[in-house]
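Trainee: target08.txt (compact mmCIF, C-alpha atoms) pasted underneath:
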```txt
# COMPACT_ATOMS: atom_id res chain seq x y z
CA MET A 1 8.65 -57.63 -16.76
CA LYS A 2 8.34 -57.58 -13.02
CA ALA A 3 5.05 -56.31 -11.61
CA ASN A 4 5.36 -54.42 -8.33
CA SER A 5 1.84 -53.00 -8.25
CA LEU A 6 -1.64 -53.97 -9.37
CA HIS A 7 -1.38 -51.36 -12.12
CA GLU A 8 1.86 -52.90 -13.42
CA LEU A 9 0.29 -56.35 -13.23
CA PHE A 10 -2.76 -55.04 -15.12
CA VAL A 11 -0.56 -53.64 -17.91
CA LYS A 12 1.48 -56.85 -18.03
CA GLN A 13 -1.69 -58.95 -18.35
CA LEU A 14 -3.05 -56.65 -21.07
CA LYS A 15 0.19 -57.07 -23.04
CA ASP A 16 -0.10 -60.84 -22.64
CA LEU A 17 -3.69 -60.77 -23.96
CA TYR A 18 -2.63 -58.49 -26.80
CA ASP A 19 -0.10 -61.08 -27.91
CA ALA A 20 -2.65 -63.87 -27.46
CA GLU A 21 -5.10 -62.08 -29.74
CA HIS A 22 -2.42 -61.58 -32.39
CA GLN A 23 -1.48 -65.24 -32.24
CA LEU A 24 -5.14 -66.08 -32.85
CA ILE A 25 -5.41 -63.61 -35.72
CA LYS A 26 -2.65 -65.58 -37.45
CA THR A 27 -4.06 -69.00 -36.56
CA LEU A 28 -7.84 -68.71 -37.02
CA PRO A 29 -7.71 -68.62 -40.85
CA LYS A 30 -5.77 -71.90 -40.83
CA ILE A 31 -8.24 -73.50 -38.43
CA ALA A 32 -11.19 -72.30 -40.51
CA LYS A 33 -9.60 -73.74 -43.65
CA ALA A 34 -9.04 -77.10 -41.93
CA SER A 35 -12.72 -77.36 -40.91
CA SER A 36 -14.86 -79.62 -43.08
CA SER A 37 -18.10 -78.33 -41.55
CA GLU A 38 -19.30 -75.15 -43.24
CA GLU A 39 -20.99 -74.03 -40.01
CA LEU A 40 -17.77 -74.54 -38.06
CA ARG A 41 -15.70 -72.77 -40.72
CA ASN A 42 -18.12 -69.82 -40.61
CA ALA A 43 -17.92 -69.71 -36.81
CA PHE A 44 -14.11 -69.54 -36.97
CA GLU A 45 -14.22 -66.85 -39.65
CA GLU A 46 -16.70 -64.78 -37.62
CA HIS A 47 -14.54 -65.18 -34.54
CA LEU A 48 -11.54 -63.94 -36.50
CA GLU A 49 -13.41 -60.65 -37.05
CA LYS A 50 -14.21 -60.48 -33.33
CA THR A 51 -10.60 -61.28 -32.45
CA GLN A 52 -9.42 -58.36 -34.58
CA GLN A 53 -11.89 -56.14 -32.69
CA HIS A 54 -10.56 -57.48 -29.38
CA ALA A 55 -7.02 -56.47 -30.35
CA GLN A 56 -8.29 -53.00 -31.34
CA ARG A 57 -10.05 -52.64 -27.98
CA LEU A 58 -6.82 -53.48 -26.21
CA GLU A 59 -5.07 -50.80 -28.28
CA GLU A 60 -7.75 -48.31 -27.17
CA ILE A 61 -7.16 -49.25 -23.54
CA PHE A 62 -3.39 -48.86 -23.87
CA GLU A 63 -3.83 -45.48 -25.55
CA ALA A 64 -6.27 -44.22 -22.90
CA MET A 65 -3.78 -45.19 -20.18
CA GLY A 66 -0.85 -43.57 -22.00
CA GLU A 67 0.79 -46.96 -22.53
CA THR A 68 2.29 -48.40 -25.68
CA ALA A 69 0.27 -51.22 -27.23
CA LYS A 70 3.09 -53.72 -27.06
CA ALA A 71 2.69 -57.47 -26.98
CA GLN A 72 4.36 -59.57 -24.33
CA LYS A 73 4.81 -63.21 -25.35
CA CYS A 74 1.81 -65.23 -24.20
CA LYS A 75 3.23 -68.69 -23.60
CA GLY A 76 -0.16 -70.11 -22.63
CA MET A 77 -1.71 -69.17 -25.96
CA GLU A 78 1.41 -70.32 -27.75
CA GLY A 79 0.88 -73.80 -26.32
CA LEU A 80 -2.82 -73.81 -27.18
CA VAL A 81 -2.10 -72.66 -30.74
CA LYS A 82 0.54 -75.37 -31.09
CA GLU A 83 -2.00 -78.02 -30.06
CA GLY A 84 -4.47 -76.68 -32.62
CA SER A 85 -1.80 -76.69 -35.32
CA GLU A 86 -1.02 -80.33 -34.58
CA ILE A 87 -4.67 -81.20 -35.16
CA ILE A 88 -4.66 -79.34 -38.47
CA GLN A 89 -1.63 -81.36 -39.61
CA GLU A 90 -3.19 -84.72 -38.70
CA GLU A 91 -3.72 -86.64 -41.90
CA ASP A 92 -4.98 -89.97 -40.62
CA ILE A 93 -8.20 -88.84 -38.96
CA GLY A 94 -11.56 -88.36 -40.62
CA ASN A 95 -13.04 -84.94 -41.30
CA LYS A 96 -15.75 -85.22 -38.65
CA VAL A 97 -13.30 -86.33 -35.97
CA LYS A 98 -10.91 -83.53 -36.99
CA ASP A 99 -13.76 -81.03 -36.66
CA ALA A 100 -14.54 -82.37 -33.18
CA ALA A 101 -10.86 -82.04 -32.25
CA LEU A 102 -10.74 -78.48 -33.62
CA ILE A 103 -13.75 -77.57 -31.48
CA ALA A 104 -12.06 -79.02 -28.40
CA ALA A 105 -8.91 -77.02 -29.10
CA ALA A 106 -10.92 -73.85 -29.77
CA GLN A 107 -12.85 -74.25 -26.52
CA ARG A 108 -9.58 -74.50 -24.59
CA VAL A 109 -8.60 -71.20 -26.21
CA GLU A 110 -11.94 -69.61 -25.31
CA HIS A 111 -11.71 -70.73 -21.70
CA TYR A 112 -8.17 -69.35 -21.47
CA GLU A 113 -9.35 -66.02 -22.87
CA ILE A 114 -12.41 -65.94 -20.60
CA ALA A 115 -10.11 -66.37 -17.59
CA GLY A 116 -7.72 -63.69 -18.84
CA TYR A 117 -10.37 -61.12 -19.69
CA GLY A 118 -12.26 -61.74 -16.46
CA THR A 119 -9.07 -61.10 -14.51
CA VAL A 120 -8.10 -57.86 -16.28
CA ARG A 121 -11.68 -56.58 -16.14
CA THR A 122 -11.58 -57.05 -12.36
CA TYR A 123 -8.21 -55.26 -12.16
CA ALA A 124 -9.62 -52.39 -14.25
CA ASN A 125 -12.56 -52.03 -11.88
CA LEU A 126 -10.29 -52.05 -8.82
CA LEU A 127 -7.99 -49.46 -10.41
CA GLY A 128 -10.87 -47.15 -11.33
CA GLU A 129 -10.31 -47.68 -15.06
CA SER A 130 -14.04 -47.73 -15.83
CA GLU A 131 -13.74 -47.27 -19.61
CA ALA A 132 -11.19 -50.09 -19.79
CA ALA A 133 -13.45 -52.24 -17.59
CA ASN A 134 -16.37 -51.63 -19.96
CA LEU A 135 -14.33 -52.55 -23.04
CA LEU A 136 -12.93 -55.63 -21.32
CA GLN A 137 -16.42 -56.68 -20.22
CA GLN A 138 -17.61 -56.40 -23.81
CA THR A 139 -14.79 -58.66 -24.97
CA LEU A 140 -15.44 -61.07 -22.11
CA GLU A 141 -19.09 -61.39 -23.17
CA GLU A 142 -18.06 -62.02 -26.78
CA GLU A 143 -15.63 -64.75 -25.69
CA LYS A 144 -18.41 -66.41 -23.71
CA GLU A 145 -20.70 -66.19 -26.76
CA ALA A 146 -18.00 -67.83 -28.89
CA ASP A 147 -17.71 -70.63 -26.35
CA GLN A 148 -21.48 -71.10 -26.41
CA THR A 149 -21.45 -71.24 -30.22
CA LEU A 150 -18.75 -73.91 -30.07
CA ASN A 151 -20.85 -75.84 -27.52
CA GLN A 152 -23.82 -75.79 -29.87
CA LEU A 153 -21.72 -76.89 -32.84
CA ALA A 154 -20.12 -79.64 -30.76
CA GLU A 155 -23.51 -81.13 -29.95
CA GLN A 156 -23.99 -81.89 -33.64
CA ILE A 157 -20.41 -82.43 -34.80
CA ASN A 158 -19.43 -84.76 -31.95
CA VAL A 159 -22.38 -87.02 -32.79
CA GLU A 160 -21.40 -86.95 -36.46
CA ALA A 161 -17.81 -87.84 -35.50
CA ARG A 162 -19.06 -90.77 -33.42
CA GLN A 163 -21.24 -91.99 -36.30
CA ALA A 164 -18.44 -91.58 -38.85
CA SER A 165 -16.10 -93.52 -36.58
CA ALA A 166 -18.66 -96.31 -36.19
CA GLU A 167 -19.15 -96.50 -39.95
CA GLU A 168 -15.40 -96.72 -40.47
CA GLY A 169 -15.15 -99.40 -37.79
CA THR A 170 -12.78 -97.28 -35.75
CA THR A 171 -14.75 -96.89 -32.56
CA ARG A 172 -13.02 -98.46 -29.66
CA ARG A 173 -14.66 -100.00 -26.72
CA SER A 174 -13.53 -98.91 -23.34
CA PRO A 175 -11.23 -101.33 -21.46
CA ALA A 176 -14.01 -101.95 -18.94
CA ALA A 177 -16.39 -102.96 -21.73
CA THR A 178 -13.91 -105.44 -23.20
CA ARG A 179 -12.91 -107.18 -19.96
CA ARG A 180 -14.34 -110.59 -19.47
CA ARG A 181 -16.37 -111.08 -16.39
CA PRO A 182 -15.61 -114.13 -14.32
CA ALA A 183 -18.07 -116.99 -14.72
CA ALA A 184 -20.56 -117.25 -11.93
```
Before anything else, please render the file you have as structure tokens.

Mentor:
Amino acid sequence: MKANSLHELFVKQLKDLYDAEHQLIKTLPKIAKASSSEELRNAFEEHLEKTQQHAQRLEEIFEAMGETAKAQKCKGMEGLVKEGSEIIQEEDIGNKVKDAALIAAAQRVEHYEIAGYGTVRTYANLLGESEAANLLQQTLEEEKEADQTLNQLAEQINVEARQASAEEGTTRRSPAATRRRPAA
């Protein structure tokens, strides 16, 4: 869909986000199931509920503007979801490392959504769509909260992943640490 005006671009971006949210609605249960950390699993399950609310908010915005709530393929989210799915399918990594990788993938998703919602919220403000701007701001704040939750979980889980790797003897030293220094 070609966008010839800011309004058309706004609608196009909303449709992209609508598809992104639906991709996440399908993927978050799988990510939650793959998490070994109960806290992380709970965070993903809670975010699934928020994601469903985000999709509903987008439907409200479409309806208020007289537009059809129709998804437009979000290739960016498709790539991020694919990366997350690859982590889920990994069989030769430990649970703690897998949890750390799931957090990294989830944070990429959150940052993508933060950028998208920030953009459409700005468009809504510029177009005088104050109700849409308020709903989009609410979603934006929730995406930032989700990112913060992931940050907090990462502080613990990343350390656990490092410790588990050390116990398994799988930590690798950086190339700089393994180079021999010339004799003086």

Trainee: So that I can check the surroundings of segment 84-91 of chain A, please list as an mmCIF file with C-alpha atoms, in the frame of the given file every protein, DNA and RNA residue that reaches within 8 Å of it, counting only C-alpha atoms and ignoring chain neighbours fewer than 3 positions away.

Mentor:
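This went into around.cif:
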```cif
data_model
loop_
_atom_site.group_PDB
_atom_site.id
_atom_site.type_symbol
_atom_site.label_atom_id
_atom_site.label_comp_id
_atom_site.auth_asym_id
_atom_site.auth_seq_id
_atom_site.Cartn_x
_atom_site.Cartn_y
_atom_site.Cartn_z
ATOM 1 C CA LYS A 30 -5.770 -71.900 -40.830
ATOM 2 C CA ILE A 31 -8.240 -73.500 -38.430
ATOM 3 C CA ALA A 34 -9.040 -77.100 -41.930
ATOM 4 C CA LEU A 80 -2.820 -73.810 -27.180
ATOM 5 C CA VAL A 81 -2.100 -72.660 -30.740
ATOM 6 C CA LYS A 98 -10.910 -83.530 -36.990
ATOM 7 C CA ALA A 101 -10.860 -82.040 -32.250
ATOM 8 C CA LEU A 102 -10.740 -78.480 -33.620
ATOM 9 C CA ALA A 105 -8.910 -77.020 -29.100
ATOM 10 C CA ALA A 106 -10.920 -73.850 -29.770
#
```

Trainee: Can you list, as a PyMOL selection string, every protein, DNA or RNA residue that comes within 8 Å of segment 154-161 of chain A when you count only C-alpha atoms, leaving out same-chain residues fewer than 5 positions away?

Mentor: chain A and resi 96-97+99-100+103

Trainee: Distance atom CA of Gln107 of chain A-atom CA of Asp147 of chain A, one decimal place?

Mentor: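 So the two atoms, atom CA of Gln107 of chain A and atom CA of Asp147 of chain A, lie 6.1 Å apart.
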
Trainee: Report the distance between atom CA of Gly76 of chain A and atom CA of Lys12 of chain A in Å, rounded to one decimal place.

Mentor: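 Result for atom CA of Gly76 of chain A versus atom CA of Lys12 of chain A: 14.1 Å, one decimal.
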
Trainee: So what do you get for atom CA of Ile93 of chain A versus atom CA of Leu153 of chain A, distance-wise?

Mentor: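 Between atom CA of Ile93 of chain A and atom CA of Leu153 of chain A the gap is 19.1 Å.
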